[in-house]
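To be precise, the following lines are my_file_22.pdb, and they hold PDB, C-alpha atoms.
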```
ATOM      1  CA  MET A   9      12.357   2.533  16.364
ATOM      2  CA  SER A  10      15.141   2.536  13.766
ATOM      3  CA  ARG A  11      17.445   5.436  12.958
ATOM      4  CA  TYR A  12      15.752   5.750   9.574
ATOM      5  CA  TYR A  13      12.312   5.988  11.199
ATOM      6  CA  GLU A  14      13.538   8.780  13.446
ATOM      7  CA  PHE A  15      15.148  10.505  10.453
ATOM      8  CA  VAL A  16      11.884  10.391   8.453
ATOM      9  CA  LYS A  17       9.900  11.654  11.421
ATOM     10  CA  GLU A  18      12.239  14.625  11.808
ATOM     11  CA  PHE A  19      12.589  15.286   8.065
ATOM     12  CA  MET A  20       8.826  15.164   7.428
ATOM     13  CA  ALA A  21       8.175  17.198  10.590
ATOM     14  CA  CYS A  22       5.175  15.084  11.559
ATOM     15  CA  GLU A  23       4.159  12.029  13.548
ATOM     16  CA  GLU A  24       3.443   8.659  11.974
ATOM     17  CA  CYS A  25      -0.165   8.255  10.810
ATOM     18  CA  ARG A  26      -1.705   5.075  12.197
ATOM     19  CA  HIS A  27      -5.140   5.555  10.631
ATOM     20  CA  ASP A  28      -4.585   5.642   6.868
ATOM     21  CA  PRO A  29      -5.316   2.241   5.245
ATOM     22  CA  LYS A  30      -4.004   2.945   1.757
ATOM     23  CA  TYR A  31      -0.759   0.962   2.105
ATOM     24  CA  SER A  32       0.308  -2.065   4.143
ATOM     25  CA  SER A  33       0.143  -1.631   7.915
ATOM     26  CA  ALA A  34       3.434  -3.547   8.146
ATOM     27  CA  GLY A  35       5.130  -0.333   7.057
ATOM     28  CA  HIS A  36       4.994   3.238   8.319
ATOM     29  CA  THR A  37       2.767   5.965   6.863
ATOM     30  CA  PHE A  38       3.416   9.682   7.148
ATOM     31  CA  CYS A  39       0.725  12.078   5.895
ATOM     32  CA  ILE A  40       2.346  15.242   4.564
ATOM     33  CA  HIS A  41       0.671  18.655   4.384
ATOM     34  CA  ALA A  42       3.255  21.206   3.267
ATOM     35  CA  ASP A  43       3.317  24.389   1.203
ATOM     36  CA  ASP A  44       4.784  22.630  -1.823
ATOM     37  CA  ARG A  45       3.330  19.080  -1.550
ATOM     38  CA  GLU A  46       0.551  17.051  -0.019
ATOM     39  CA  GLY A  47       0.174  13.315   0.262
ATOM     40  CA  ILE A  48       1.737  10.180   1.717
ATOM     41  CA  TYR A  49       5.229   8.891   2.344
ATOM     42  CA  TRP A  50       5.189   5.173   3.248
ATOM     43  CA  PHE A  51       8.118   2.880   3.936
ATOM     44  CA  TYR A  52       8.936  -0.638   5.079
ATOM     45  CA  GLU A  53      12.382  -1.335   6.522
ATOM     46  CA  SER A  54      14.302  -4.538   7.160
ATOM     47  CA  ASP A  55      17.914  -5.028   8.199
ATOM     48  CA  ASN A  56      18.970  -5.201   4.541
ATOM     49  CA  PHE A  57      16.659  -2.935   2.535
ATOM     50  CA  ILE A  58      14.054  -0.175   2.563
ATOM     51  CA  ILE A  59      10.958  -0.185   0.356
ATOM     52  CA  ASP A  60       9.178   3.144   0.040
ATOM     53  CA  ILE A  61       6.297   4.833  -1.754
ATOM     54  CA  HIS A  62       6.081   8.552  -2.543
ATOM     55  CA  ASP A  63       2.451   9.454  -3.271
ATOM     56  CA  PHE A  64       2.159  13.232  -3.560
ATOM     57  CA  PHE A  65       0.342  16.037  -5.282
ATOM     58  CA  ILE A  66       3.007  18.662  -6.041
ATOM     59  CA  LYS A  67       1.424  22.043  -5.420
ATOM     60  CA  LYS A  68       4.344  24.187  -6.549
ATOM     61  CA  GLU A  69       7.764  23.589  -8.048
ATOM     62  CA  ILE A  70      10.185  21.596  -5.893
ATOM     63  CA  VAL A  71      13.949  21.647  -6.370
ATOM     64  CA  ASP A  72      16.049  19.245  -4.284
ATOM     65  CA  GLU A  73      19.828  19.674  -4.282
ATOM     66  CA  ASP A  74      20.922  17.660  -1.246
ATOM     67  CA  ALA A  75      20.553  13.892  -1.201
ATOM     68  CA  THR A  76      23.838  13.097   0.509
ATOM     69  CA  ILE A  77      22.177  12.703   3.906
ATOM     70  CA  MET A  78      20.517   9.518   2.652
ATOM     71  CA  SER A  79      23.842   7.677   2.406
ATOM     72  CA  ASP A  80      23.611   6.956   6.139
ATOM     73  CA  TYR A  81      20.611   4.704   5.508
ATOM     74  CA  MET A  82      20.819   3.243   1.992
ATOM     75  CA  SER A  83      23.100   2.781  -1.001
ATOM     76  CA  VAL A  84      21.599   1.965  -4.403
ATOM     77  CA  TYR A  85      18.096   3.465  -4.635
ATOM     78  CA  SER A  86      15.915   2.618  -7.646
ATOM     79  CA  SER A  87      12.376   3.880  -8.064
ATOM     80  CA  TYR A  88       9.784   2.844 -10.630
ATOM     81  CA  ILE A  89       7.850   5.997 -11.466
ATOM     82  CA  VAL A  90       4.113   5.538 -11.961
ATOM     83  CA  SER A  91       3.398   9.248 -12.386
ATOM     84  CA  ALA A  92       5.660  12.318 -12.458
ATOM     85  CA  ASN A  93       6.456  15.559 -14.237
ATOM     86  CA  GLY A  94      10.025  16.718 -13.717
ATOM     87  CA  GLU A  95      13.718  16.271 -14.445
ATOM     88  CA  THR A  96      16.978  15.227 -12.848
ATOM     89  CA  PHE A  97      20.275  16.829 -13.836
ATOM     90  CA  ASN A  98      23.905  15.682 -14.071
ATOM     91  CA  PRO A  99      23.058  13.612 -15.991
ATOM     92  CA  TYR A 100      19.849  15.026 -17.414
ATOM     93  CA  ARG A 101      16.886  12.648 -17.388
ATOM     94  CA  THR A 102      13.166  13.246 -17.689
ATOM     95  CA  LEU A 103      10.984  12.061 -14.805
ATOM     96  CA  GLU A 104       7.856  10.681 -16.425
ATOM     97  CA  PRO A 105       5.439   7.744 -16.129
ATOM     98  CA  HIS A 106       6.856   4.250 -16.708
ATOM     99  CA  SER A 107      10.477   5.255 -16.176
ATOM    100  CA  LEU A 108      13.231   4.404 -13.710
ATOM    101  CA  TYR A 109      14.820   6.918 -11.334
ATOM    102  CA  VAL A 110      18.132   5.760  -9.875
ATOM    103  CA  LEU A 111      20.588   7.077  -7.301
ATOM    104  CA  ASP A 112      23.799   5.703  -5.845
ATOM    105  CA  PHE A 113      23.952   7.605  -2.561
ATOM    106  CA  TYR A 114      27.623   6.701  -2.079
ATOM    107  CA  ASP A 115      28.648   8.331  -5.353
ATOM    108  CA  ILE A 116      26.117  11.067  -5.866
ATOM    109  CA  GLY A 117      28.537  13.972  -6.222
ATOM    110  CA  ASP A 118      27.949  17.665  -5.591
ATOM    111  CA  ASN A 119      25.980  18.411  -8.764
ATOM    112  CA  TYR A 120      22.821  16.476  -7.931
ATOM    113  CA  ARG A 121      19.572  18.286  -8.723
ATOM    114  CA  PHE A 122      16.024  16.966  -8.833
ATOM    115  CA  LEU A 123      13.121  19.102 -10.064
ATOM    116  CA  LEU A 124       9.367  18.429  -9.863
ATOM    117  CA  HIS A 125       6.913  20.754 -11.590
ATOM    118  CA  GLY A 126       3.981  22.237  -9.733
ATOM    119  CA  ASN A 127       0.360  21.202 -10.236
ATOM    120  CA  SER A 128       1.321  17.586 -10.936
ATOM    121  CA  THR A 129       1.339  14.173  -9.285
ATOM    122  CA  TYR A 130       4.344  12.166  -8.160
ATOM    123  CA  LEU A 131       3.880   8.463  -7.468
ATOM    124  CA  GLY A 132       6.942   6.240  -7.228
ATOM    125  CA  VAL A 133       7.728   2.810  -5.760
ATOM    126  CA  ALA A 134      11.338   2.219  -4.752
ATOM    127  CA  VAL A 135      13.639  -0.369  -3.244
ATOM    128  CA  ALA A 136      16.887   0.769  -1.615
ATOM    129  CA  PHE A 137      19.498  -1.738  -0.505
ATOM    130  CA  LYS A 138      21.918  -1.366   2.364
ATOM    131  CA  LYS A 139      25.453  -1.272   0.969
ATOM    132  CA  GLU A 140      26.833  -4.119   3.081
ATOM    133  CA  PHE A 141      23.988  -6.474   2.113
ATOM    134  CA  LEU A 142      24.281  -5.735  -1.594
ATOM    135  CA  GLU A 143      28.071  -6.091  -1.587
ATOM    136  CA  ALA A 144      27.872  -9.431   0.244
ATOM    137  CA  HIS A 145      25.345 -10.764  -2.250
ATOM    138  CA  LEU A 146      27.409  -9.608  -5.224
ATOM    139  CA  LYS A 147      30.464 -11.310  -3.736
ATOM    140  CA  THR A 148      28.680 -14.678  -3.657
ATOM    141  CA  LEU A 149      28.069 -14.270  -7.400
ATOM    142  CA  GLY A 150      31.634 -13.188  -8.159
ATOM    143  CA  VAL A 151      30.521  -9.693  -9.172
ATOM    144  CA  ALA A 152      32.751  -6.731  -8.254
ATOM    145  CA  PRO A 153      30.693  -4.000  -6.511
ATOM    146  CA  GLU A 154      32.334  -0.970  -8.160
ATOM    147  CA  PRO A 155      31.434  -1.629 -11.803
ATOM    148  CA  PHE A 156      28.033  -2.904 -10.701
ATOM    149  CA  PHE A 157      27.187   0.310  -8.862
ATOM    150  CA  SER A 158      28.313   2.502 -11.759
ATOM    151  CA  ASP A 159      26.987   0.433 -14.679
ATOM    152  CA  VAL A 160      23.922  -1.528 -13.647
ATOM    153  CA  PHE A 161      21.434   1.178 -14.570
ATOM    154  CA  SER A 162      23.311   2.831 -17.437
ATOM    155  CA  ASN A 163      22.846  -0.103 -19.835
ATOM    156  CA  ASN A 164      19.579  -1.829 -20.708
ATOM    157  CA  ARG A 165      17.667   0.790 -18.677
ATOM    158  CA  SER A 166      14.481   0.386 -20.722
ATOM    159  CA  ILE A 167      14.606  -3.405 -20.356
ATOM    160  CA  LEU A 168      15.157  -3.151 -16.601
ATOM    161  CA  THR A 169      12.298  -0.663 -16.253
ATOM    162  CA  LYS A 170       9.852  -3.082 -17.853
ATOM    163  CA  SER A 171      11.221  -5.888 -15.700
ATOM    164  CA  LEU A 172      10.721  -3.976 -12.440
ATOM    165  CA  GLU A 173       7.260  -2.602 -13.263
ATOM    166  CA  PRO A 174       5.210  -5.652 -12.154
ATOM    167  CA  ILE A 175       7.163  -5.903  -8.888
ATOM    168  CA  ALA A 176       6.520  -2.218  -8.197
ATOM    169  CA  MET A 177       2.800  -2.624  -8.827
ATOM    170  CA  ASP A 178       2.660  -5.688  -6.537
ATOM    171  CA  ILE A 179       4.201  -3.585  -3.752
ATOM    172  CA  LEU A 180       1.899  -0.643  -4.458
ATOM    173  CA  ASN A 181      -1.227  -2.810  -4.232
ATOM    174  CA  CYS A 182      -0.172  -4.853  -1.187
ATOM    175  CA  LYS A 183      -2.631  -4.532   1.704
ATOM    176  CA  MET A 184      -1.296  -7.418   3.785
ATOM    177  CA  GLU A 185      -0.524  -7.151   7.479
ATOM    178  CA  ALA A 186       2.434  -8.595   9.373
ATOM    179  CA  PRO A 187       3.720 -11.287   9.519
ATOM    180  CA  ALA A 188       2.535 -12.244   5.998
ATOM    181  CA  ALA A 189       3.543  -8.800   4.696
ATOM    182  CA  ASN A 190       7.078  -9.238   6.042
ATOM    183  CA  ILE A 191       7.544 -12.398   3.984
ATOM    184  CA  PHE A 192       5.970 -10.710   0.945
ATOM    185  CA  PHE A 193       8.236  -7.636   1.070
ATOM    186  CA  GLU A 194      11.331  -9.773   1.656
ATOM    187  CA  ALA A 195      10.505 -11.788  -1.453
ATOM    188  CA  LYS A 196       9.794  -8.691  -3.548
ATOM    189  CA  ALA A 197      13.047  -6.999  -2.517
ATOM    190  CA  LYS A 198      15.050 -10.098  -3.420
ATOM    191  CA  GLU A 199      13.236 -10.356  -6.752
ATOM    192  CA  TRP A 200      13.992  -6.672  -7.420
ATOM    193  CA  MET A 201      17.676  -7.236  -6.666
ATOM    194  CA  SER A 202      17.742 -10.339  -8.857
ATOM    195  CA  ARG A 203      16.375  -8.366 -11.817
ATOM    196  CA  MET A 204      19.037  -5.684 -11.277
ATOM    197  CA  ILE A 205      21.852  -8.211 -11.221
ATOM    198  CA  ASP A 206      20.482 -10.078 -14.244
ATOM    199  CA  ALA A 207      20.382  -6.805 -16.186
ATOM    200  CA  TYR A 208      23.990  -6.119 -15.218
ATOM    201  CA  LEU A 209      25.289  -9.598 -16.080
ATOM    202  CA  ASN A 210      23.470  -9.589 -19.423
ATOM    203  CA  ARG A 211      24.293  -5.991 -20.286
ATOM    204  CA  LYS A 212      25.603  -5.013 -23.685
ATOM    205  CA  GLU A 213      28.818  -3.055 -23.736
ATOM    206  CA  VAL A 214      28.274   0.267 -25.453
ATOM    207  CA  SER A 215      31.332   1.995 -26.854
ATOM    208  CA  ILE A 216      30.708   5.401 -28.392
ATOM    209  CA  SER A 217      33.641   7.622 -29.373
ATOM    210  CA  PRO A 218      33.862  11.181 -27.964
ATOM    211  CA  ASP A 219      33.214  12.642 -31.438
ATOM    212  CA  ASP A 220      30.114  10.489 -31.885
ATOM    213  CA  GLU A 221      28.952  11.399 -28.359
ATOM    214  CA  GLU A 222      29.144  15.076 -29.268
ATOM    215  CA  ALA A 223      27.343  14.460 -32.574
ATOM    216  CA  LEU A 224      24.523  12.580 -30.814
ATOM    217  CA  GLU A 225      24.135  15.383 -28.279
ATOM    218  CA  ASN A 226      23.878  17.858 -31.170
ATOM    219  CA  VAL A 227      21.084  15.747 -32.668
ATOM    220  CA  ALA A 228      19.276  15.523 -29.324
ATOM    221  CA  ASN A 229      19.597  19.288 -28.763
ATOM    222  CA  TYR A 230      18.260  19.949 -32.255
ATOM    223  CA  LEU A 231      15.275  17.682 -31.582
ATOM    224  CA  ASP A 232      14.678  19.434 -28.246
ATOM    225  CA  ASP A 233      14.494  22.790 -30.037
ATOM    226  CA  HIS A 234      12.460  21.576 -33.052
ATOM    227  CA  TYR A 235      10.237  18.908 -31.482
ATOM    228  CA  ALA A 236       7.048  20.384 -32.983
ATOM    229  CA  LEU A 237       8.348  20.024 -36.542
ATOM    230  CA  ASN A 238       8.566  16.916 -38.681
ATOM    231  CA  VAL A 239      12.357  16.815 -38.858
ATOM    232  CA  HIS A 240      13.635  14.845 -41.835
ATOM    233  CA  GLN A 241      16.088  11.999 -41.270
ATOM    234  CA  GLN A 242      18.441  13.528 -43.832
ATOM    235  CA  THR A 243      18.688  16.694 -41.727
ATOM    236  CA  LEU A 244      19.761  14.698 -38.678
ATOM    237  CA  GLU A 245      22.289  12.764 -40.750
ATOM    238  CA  LYS A 246      23.845  16.050 -41.883
ATOM    239  CA  ILE A 247      23.951  17.386 -38.300
ATOM    240  CA  SER A 248      25.621  14.221 -37.005
ATOM    241  CA  THR A 249      27.716  13.522 -40.127
ATOM    242  CA  MET A 250      26.667   9.889 -39.774
ATOM    243  CA  SER A 251      24.911   7.477 -42.051
ATOM    244  CA  GLY A 252      21.262   6.839 -41.249
ATOM    245  CA  THR A 253      21.966   3.303 -40.015
ATOM    246  CA  LYS A 254      24.789   4.368 -37.700
ATOM    247  CA  LEU A 255      22.822   7.328 -36.353
ATOM    248  CA  LYS A 256      19.789   5.213 -35.465
ATOM    249  CA  LYS A 257      21.921   2.534 -33.819
ATOM    250  CA  LEU A 258      24.062   4.863 -31.695
ATOM    251  CA  PHE A 259      21.160   7.148 -30.772
ATOM    252  CA  LYS A 260      19.207   4.141 -29.426
ATOM    253  CA  GLU A 261      22.267   2.924 -27.509
ATOM    254  CA  LYS A 262      22.893   6.319 -25.917
ATOM    255  CA  TYR A 263      19.327   7.381 -25.090
ATOM    256  CA  GLN A 264      17.567   3.981 -24.870
ATOM    257  CA  LEU A 265      14.945   5.430 -27.238
ATOM    258  CA  SER A 266      14.583   5.599 -30.988
ATOM    259  CA  ILE A 267      14.722   9.069 -32.541
ATOM    260  CA  THR A 268      10.948   8.935 -33.083
ATOM    261  CA  GLU A 269      10.284   7.918 -29.468
ATOM    262  CA  TYR A 270      12.631  10.638 -28.205
ATOM    263  CA  THR A 271      10.727  13.282 -30.183
ATOM    264  CA  GLN A 272       7.319  11.995 -29.117
ATOM    265  CA  ARG A 273       8.309  12.002 -25.455
ATOM    266  CA  ARG A 274       9.559  15.583 -25.810
ATOM    267  CA  ARG A 275       6.236  16.563 -27.370
ATOM    268  CA  MET A 276       4.222  14.849 -24.634
ATOM    269  CA  ASN A 277       6.272  16.468 -21.863
ATOM    270  CA  MET A 278       5.627  19.922 -23.317
ATOM    271  CA  ALA A 279       1.962  19.122 -23.886
ATOM    272  CA  GLU A 280       1.610  18.100 -20.233
ATOM    273  CA  VAL A 281       3.095  21.410 -19.084
ATOM    274  CA  LEU A 282       0.660  23.304 -21.320
ATOM    275  CA  LEU A 283      -2.325  21.252 -20.146
ATOM    276  CA  LEU A 284      -1.517  21.885 -16.500
ATOM    277  CA  ASN A 285      -0.524  25.519 -16.702
ATOM    278  CA  THR A 286      -2.306  27.274 -19.591
ATOM    279  CA  PRO A 287      -5.917  27.856 -20.709
ATOM    280  CA  LEU A 288      -5.158  26.637 -24.253
ATOM    281  CA  SER A 289      -7.655  24.138 -25.620
ATOM    282  CA  ILE A 290      -6.538  20.542 -26.118
ATOM    283  CA  LYS A 291      -6.805  21.051 -29.882
ATOM    284  CA  GLU A 292      -4.537  24.114 -29.691
ATOM    285  CA  ILE A 293      -2.031  22.243 -27.557
ATOM    286  CA  ALA A 294      -2.016  19.295 -29.971
ATOM    287  CA  GLU A 295      -1.229  21.630 -32.863
ATOM    288  CA  SER A 296       1.449  23.503 -30.879
ATOM    289  CA  VAL A 297       3.414  20.294 -30.270
ATOM    290  CA  GLY A 298       3.126  19.067 -33.854
ATOM    291  CA  TYR A 299      -0.115  17.084 -34.243
ATOM    292  CA  SER A 300      -2.834  18.070 -36.677
ATOM    293  CA  SER A 301      -4.932  15.089 -35.581
ATOM    294  CA  HIS A 302      -6.567  15.494 -32.172
ATOM    295  CA  SER A 303      -7.210  11.737 -31.873
ATOM    296  CA  LYS A 304      -3.602  10.809 -32.709
ATOM    297  CA  PHE A 305      -2.344  13.310 -30.138
ATOM    298  CA  SER A 306      -4.667  11.861 -27.461
ATOM    299  CA  ALA A 307      -3.572   8.316 -28.269
ATOM    300  CA  TYR A 308       0.138   9.173 -28.000
ATOM    301  CA  PHE A 309      -0.439  11.148 -24.806
ATOM    302  CA  LYS A 310      -2.205   8.180 -23.230
ATOM    303  CA  LYS A 311       0.656   5.897 -24.301
ATOM    304  CA  TYR A 312       3.418   8.025 -22.796
ATOM    305  CA  LYS A 313       1.650   9.633 -19.824
ATOM    306  CA  GLY A 314      -0.865   6.985 -18.807
ATOM    307  CA  MET A 315      -3.807   9.412 -18.960
ATOM    308  CA  TYR A 316      -5.790  11.139 -21.675
ATOM    309  CA  PRO A 317      -5.268  14.905 -22.134
ATOM    310  CA  ARG A 318      -8.800  15.612 -20.917
ATOM    311  CA  GLU A 319      -8.015  13.779 -17.667
ATOM    312  CA  VAL A 320      -4.913  15.894 -17.088
ATOM    313  CA  ARG A 321      -6.869  19.058 -17.860
ATOM    314  CA  LYS A 322      -9.469  18.011 -15.306
ATOM    315  CA  LEU A 323      -6.684  17.484 -12.779
ATOM    316  CA  SER A 324      -5.343  20.985 -13.419
ATOM    317  CA  LYS A 325      -8.763  22.501 -12.735
ATOM    318  CA  GLU A 326      -9.837  20.462  -9.753
ATOM    319  CA  GLY A 327      -6.549  19.435  -8.119
ATOM    320  CA  ARG A 328      -6.009  15.970  -6.742
ATOM    321  CA  GLU A 329      -7.927  14.418  -3.887
ATOM    322  CA  VAL A 330      -5.111  13.238  -1.670
ATOM    323  CA  ALA A 331      -5.667  10.017   0.217
ATOM    324  CA  THR A 332      -4.854  11.210   3.712
ATOM    325  CA  CYS A 333      -6.977  10.348   6.686
ATOM    326  CA  GLU A 334      -9.382  12.717   8.412
ATOM    327  CA  GLN A 335      -7.364  12.665  11.630
ATOM    328  CA  CYS A 336      -4.232  13.907   9.828
ATOM    329  CA  ASP A 337      -6.215  16.458   7.845
ATOM    330  CA  LYS A 338      -7.390  18.319  10.909
TER     331      LYS A 338
END
```
Would you mind writing the file out in structure tokens?
Amino acid sequence: MSRYYEFVKEFMACEECRHDPKYSSAGHTFCIHADDREGIYWFYESDNFIIDIHDFFIKKEIVDEDATIMSDYMSVYSSYIVSANGETFNPYRTLEPHSLYVLDFYDIGDNYRFLLHGNSTYLGVAVAFKKEFLEAHLKTLGVAPEPFFSDVFSNNRSILTKSLEPIAMDILNCKMEAPAANIFFEAKAKEWMSRMIDAYLNRKEVSISPDDEEALENVANYLDDHYALNVHQQTLEKISTMSGTKLKKLFKEKYQLSITEYTQRRRMNMAEVLLLNTPLSIKEIAESVGYSSHSKFSAYFKKYKGMYPREVRKLSKEGREVATCEQCDK
């Protein structure tokens, strides 16, 4: 077995499960039953890349502050998130459905923090490339590794997320066995890498002055604190000392979201926390995050979270039936 296999076995503190049929048998499945999480970690490894799936119900809050140990096995790690409720810090990003979570394990720094909220699901599909393989491929295209590693995910993130989504879902739904699965995963990893490189080569250079950066952060902080109110555009223009056109343009460039989308996502994140952790009715929650219309709130929640509020409320009451086999559950 590979060094990574032995690492996972030791880190997860369990043996490989050879009975669970949820994901391709060409990979390795570990059924996890811990105090803070329960579910499946699955991975497929080749000489050049690792594909993995995290499929967990988070029972209580998880904070991870040490990812440096992963640099022995992978370099650029990018995960398409199907379902999540949490945040990463330095820089701050929300972990939510239909988003991209990215790490460069060779340049992660000492300030890495990753937080998942309790009573929630985490489902992510990721491809991680070995540094030597990725560098060799970039060299054939005349692309310098250093700016690629630092810039590929900072620009056009929303475009790249949409581009990687169908590949992630193909991997998630693959039930093939070896050797057909080996060919399939090789093709999907190369397609994933191709989309990353295309996004980098076609990226738009974003140049925002330090003063404008500070002004945009002031606007974002104001929206974070007043998300439940209908904040007027003129108020934001006064806070930023920018014209409306400039503010909209730079805000979208910096956060990859329009001001309206940013506010709606903030509202939905808070609503999800309230649905999972309070006895408030859905109507009360809708009003508390700024919606007088119950139907409009439900429609937006479905758009941003992939589920209706009533479905999340049901999850909070009943928990999640984790797809682990009977043998591992004993």
Hey, what comes out of the PyMOL selection byres ((chain A and resi 232-242) around 9) on this file? Could you write it as a VMD selection string? chain A and resid 227 to 231 243 to 247 252 271 to 272 274 to 275 295 to 299
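Once the PyMOL selection byres ((chain A and resi 52) around 9) is applied to this file, the selection holds Ser32, Ala34, Gly35, His36, Trp50, Phe51, Glu53, Ser54, Phe57, Ile58, Ile59, Asp60, Asn190 and Phe193 of chain A.
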A:Tyr263, A:Asp178, A:Phe65, A:Thr37: which is nearest Ala195 in chain A, counting only C-alpha atoms?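 Result for the nearest residue to Ala195 in chain A: A:Asp178.
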Need to verify the contact set: Glu73 in chain A, 7 Å, only C-alpha atoms, exclusion of same-chain residues closer than 6 positions in sequence. Can you return it as a list in words?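 Answer for this query is Tyr120, Arg121 and Phe122 of chain A.
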Give me the result of the PyMOL selection byres ((chain A and resi 141) around 12) on this file, residue by residue, as a VMD selection string. chain A and resid 54 to 58 82 to 84 136 to 140 142 to 148 153 197 to 198 201
If you count all atoms listed in the file, the residue of A:Glu24, A:Glu104, A:Asp43, A:Glu185 closest to Phe309 in chain A turns out to be A:Glu104
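Using only C-alpha atoms, the smallest distance between any of A:Arg318, A:Asn277, A:His302, A:Tyr49 and Tyr13 in chain A comes from A:Tyr49.
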One decimal, in Å: what's the spacing between CA of Ile66 in chain A and CA of Gly126 in chain A? 5.2 Å
Which residue, A:Ile77, A:Ile61, A:Ile70, A:Ala21, has the smallest gap to Val133 in chain A when you use all atoms listed in the file?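 For Val133 in chain A, the nearest of the candidates is A:Ile61.
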As lines of an AutoDock Vina configuration file: centre and edge lengths in Å, one decimal, of the axis-aligned box holding range 137-156 of chain A with 4 Å per side:
```
center_x = 26.1
center_y = -7.8
center_z = -4.4
size_x = 21.3
size_y = 21.7
size_z = 22.9
```
Nearest-residue call for Met278 in chain A, choices A:Arg203, A:Arg11, A:Lys17, A:Lys313, using only C-alpha atoms: A:Lys313
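CA of Ser306 in chain A is found 12.8 Å from CA of Ser289 in chain A.
Here CA of Tyr100 in chain A stands at a distance of 21.7 Å from CA of Leu172 in chain A.
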Judged by all atoms listed in the file, the minimum distance to Ala152 in chain A among A:Leu265, A:Met315, A:Val71, A:Leu209 is found for A:Leu209
Within 9 Å of Tyr85 in chain A, counting only C-alpha atoms, which residues qualify if same-chain residues fewer than 3 places away don't, as a PyMOL selection string? chain A and resi 82+109-113+134-137
